[in-house]
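*Asks:* What follows is a structure written as structure tokens; I'll ask about it next.
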Amino acid sequence: MGKSERYLARIDGRLLRALSHPLRVRILELLREDGPATASGLGKRLGESSGTTSWHLRQLAEYGLVTEDPERGNRRDRWWKAVHDGDQLQGQDFIRDPDLAGPFSTYAHTMVDQRHAAEAQFVAEMRDWSDEWIDKVSFHDSSLSLTPDEAAALSDEILDVIKRYRRPVEEGDTPVRVHWAAFPRKSRPETP
């Protein structure tokens, strides 16, 4: 499977149920960001037992989100790797389905929590980074007035830009986390 073919897992109801457990989402995130790992290694990083992480890895494997890494380990020391580099889902596919609204809410809240944790971790470690990186870091927060079609077009354009930068890891690369979200908010003006 080529890099472009493995980029995104299109999340359907079946996969959403697999990802409605926050620990599974975190395990998958670690495998995607840091590469292959064992259940015991993941357990240490996550503060969980190797039995717990092993069980969740098998669940993720059953849904085709992770697979054993044949280049590492042996029968006793199983290494796992992510099958895809990311996930893609549309809230409209789940939010109005009574059987999937709960798992979608759990997954979405887990993703928001993990985004916050990733940015907070970076802020806590900023002093560890060279000026070359610190001068290039960008946090951006904007409010725009858009129609639903314009918001969708904006997201599509930004995702196209991100795709242009996606490539196999090269010498000298540093992993960079990119978050993107565009969503409406209710206006709450002060009233006299």
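For the structure tokens, the naming scheme is as follows: chains receive sequential letters (A, B, ...) according to their order of presentation, residues are indexed from 1 within each chain, and ligands are indexed from 1 in presentation order.
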Do you know which residues are at most 7 Å from range 80-97 of chain A counting only C-alpha atoms, after dropping those on the same chain fewer than 4 positions away, and could you put them as a VMD selection string?

*Replies:* chain A and resid 6 to 11 28 31 to 32 35 to 38 65 to 69 101 104

*Asks:* Between A:Ala118, A:Leu46, A:Ile158, A:Pro22, which has the minimum distance to Val176 in chain A (counting only C-alpha atoms)?

*Replies:*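 Closest to Val176 in chain A of all the choices is A:Ala118.
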
*Asks:* List the neighbours of range 186-192 of chain A out to 12 Å using only C-alpha atoms; skip same-chain residues closer than 2 positions along the sequence, and give me the result as a ChimeraX atom specification.

*Replies:* /A:143-145,183-184

*Asks:* Set the distance at 12 Å and use only C-alpha atoms: which residues neighbour Arg115 in chain A once local chain neighbours fewer than 2 positions away are removed? I'd like the list as a list in words.

*Replies:*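 Those residues are Val25, Arg26, Glu29, Ala108, His109, Thr110, Met111, Val112, Asp113, Ala117, Ala118, Glu119, Ala120, Gln121, Phe122, Arg177, Val178, His179, Trp180 and Ala181 of chain A.
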
*Asks:* Take the residues just selected and output them with C-alpha atoms as a CSV table (one decimal), in the first residue's frame.

*Replies:*
```
chain,number,residue,atom,x,y,z
A,25,VAL,CA,-7.7,6.8,20.2
A,26,ARG,CA,-4.6,7.6,22.3
A,29,GLU,CA,-2.2,8.5,18.0
A,108,ALA,CA,-15.1,14.1,19.0
A,109,HIS,CA,-14.5,15.1,22.7
A,110,THR,CA,-11.5,12.8,22.8
A,111,MET,CA,-10.0,14.4,19.7
A,112,VAL,CA,-10.6,17.9,21.1
A,113,ASP,CA,-8.9,16.9,24.4
A,117,ALA,CA,-3.0,18.3,25.3
A,118,ALA,CA,-0.7,18.4,22.3
A,119,GLU,CA,-0.6,22.2,22.2
A,120,ALA,CA,-0.2,22.4,26.0
A,121,GLN,CA,2.7,19.9,25.9
A,122,PHE,CA,4.4,22.0,23.2
A,177,ARG,CA,1.4,18.6,14.5
A,178,VAL,CA,-1.2,20.4,12.4
A,179,HIS,CA,-4.7,21.0,13.7
A,180,TRP,CA,-7.5,22.4,11.6
A,181,ALA,CA,-11.1,22.9,12.4
```

*Asks:* Which residue gives the smallest distance to Leu19 in chain A among A:Glu71, A:Leu146, A:Tyr107, A:Pro98, with only C-alpha atoms counted?

*Replies:* A:Tyr107

*Asks:* CA of Arg24 in chain A and CA of Gln59 in chain A are how many Å apart?

*Replies:*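 Between these atoms lies a distance of 8.5 Å.
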
*Asks:* Kindly indicate which residue among A:Val161, A:Met126, A:Ala153, A:Leu100 lies nearest to Gly13 in chain A, using only C-alpha atoms for the distances.

*Replies:*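 Closest to Gly13 in chain A, using only C-alpha atoms: A:Leu100.
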
*Asks:* If we count only C-alpha atoms and set the cut-off at 7 Å, which residues sit around Thr53 in chain A, ignoring sequence neighbours fewer than 3 positions away in its own chain? Please answer as a list in words.

*Replies:*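 Here the answer would be Ala39, Leu42, Gly43, Glu48, Ser49, Ser50, His56 and Leu57 of chain A.
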
*Asks:* With N, CA, C and O atoms kept, could you save the residues just selected as a PDB file, in the first residue's frame?

*Replies:*
```
ATOM      1  N   ALA A  39       2.824  -3.581  23.186  1.00  0.00           N
ATOM      2  CA  ALA A  39       1.782  -3.316  24.177  1.00  0.00           C
ATOM      3  C   ALA A  39       2.391  -2.855  25.498  1.00  0.00           C
ATOM      4  O   ALA A  39       1.885  -1.933  26.135  1.00  0.00           O
ATOM      5  N   LEU A  42       3.653   0.776  25.096  1.00  0.00           N
ATOM      6  CA  LEU A  42       2.515   1.691  25.097  1.00  0.00           C
ATOM      7  C   LEU A  42       1.924   1.803  26.493  1.00  0.00           C
ATOM      8  O   LEU A  42       1.549   2.890  26.938  1.00  0.00           O
ATOM      9  N   GLY A  43       1.843   0.674  27.187  1.00  0.00           N
ATOM     10  CA  GLY A  43       1.310   0.691  28.547  1.00  0.00           C
ATOM     11  C   GLY A  43       2.103   1.605  29.462  1.00  0.00           C
ATOM     12  O   GLY A  43       1.528   2.373  30.236  1.00  0.00           O
ATOM     13  N   GLU A  48      -0.891   2.457  31.748  1.00  0.00           N
ATOM     14  CA  GLU A  48      -1.836   1.334  31.722  1.00  0.00           C
ATOM     15  C   GLU A  48      -1.045   0.029  31.778  1.00  0.00           C
ATOM     16  O   GLU A  48       0.146  -0.004  31.491  1.00  0.00           O
ATOM     17  N   SER A  49      -1.721  -1.054  32.101  1.00  0.00           N
ATOM     18  CA  SER A  49      -1.061  -2.360  32.089  1.00  0.00           C
ATOM     19  C   SER A  49      -0.870  -2.811  30.643  1.00  0.00           C
ATOM     20  O   SER A  49      -1.626  -2.404  29.750  1.00  0.00           O
ATOM     21  N   SER A  50       0.105  -3.679  30.435  1.00  0.00           N
ATOM     22  CA  SER A  50       0.318  -4.202  29.087  1.00  0.00           C
ATOM     23  C   SER A  50      -0.868  -5.061  28.658  1.00  0.00           C
ATOM     24  O   SER A  50      -1.190  -5.125  27.471  1.00  0.00           O
ATOM     25  N   HIS A  56      -6.692  -3.625  23.774  1.00  0.00           N
ATOM     26  CA  HIS A  56      -7.146  -2.550  22.889  1.00  0.00           C
ATOM     27  C   HIS A  56      -6.442  -2.608  21.525  1.00  0.00           C
ATOM     28  O   HIS A  56      -7.062  -2.308  20.502  1.00  0.00           O
ATOM     29  N   LEU A  57      -5.195  -3.032  21.500  1.00  0.00           N
ATOM     30  CA  LEU A  57      -4.502  -3.211  20.215  1.00  0.00           C
ATOM     31  C   LEU A  57      -5.187  -4.288  19.381  1.00  0.00           C
ATOM     32  O   LEU A  57      -5.361  -4.126  18.167  1.00  0.00           O
TER      33      LEU A  57
END
```

*Asks:* Please give the complete set of residues from range 18-167 of chain A that DSSP, run on the backbone, assigns to strand (DSSP E or B), formatted as a ChimeraX atom specification.

*Replies:* /A:37-38,66-68,79-82,86-88
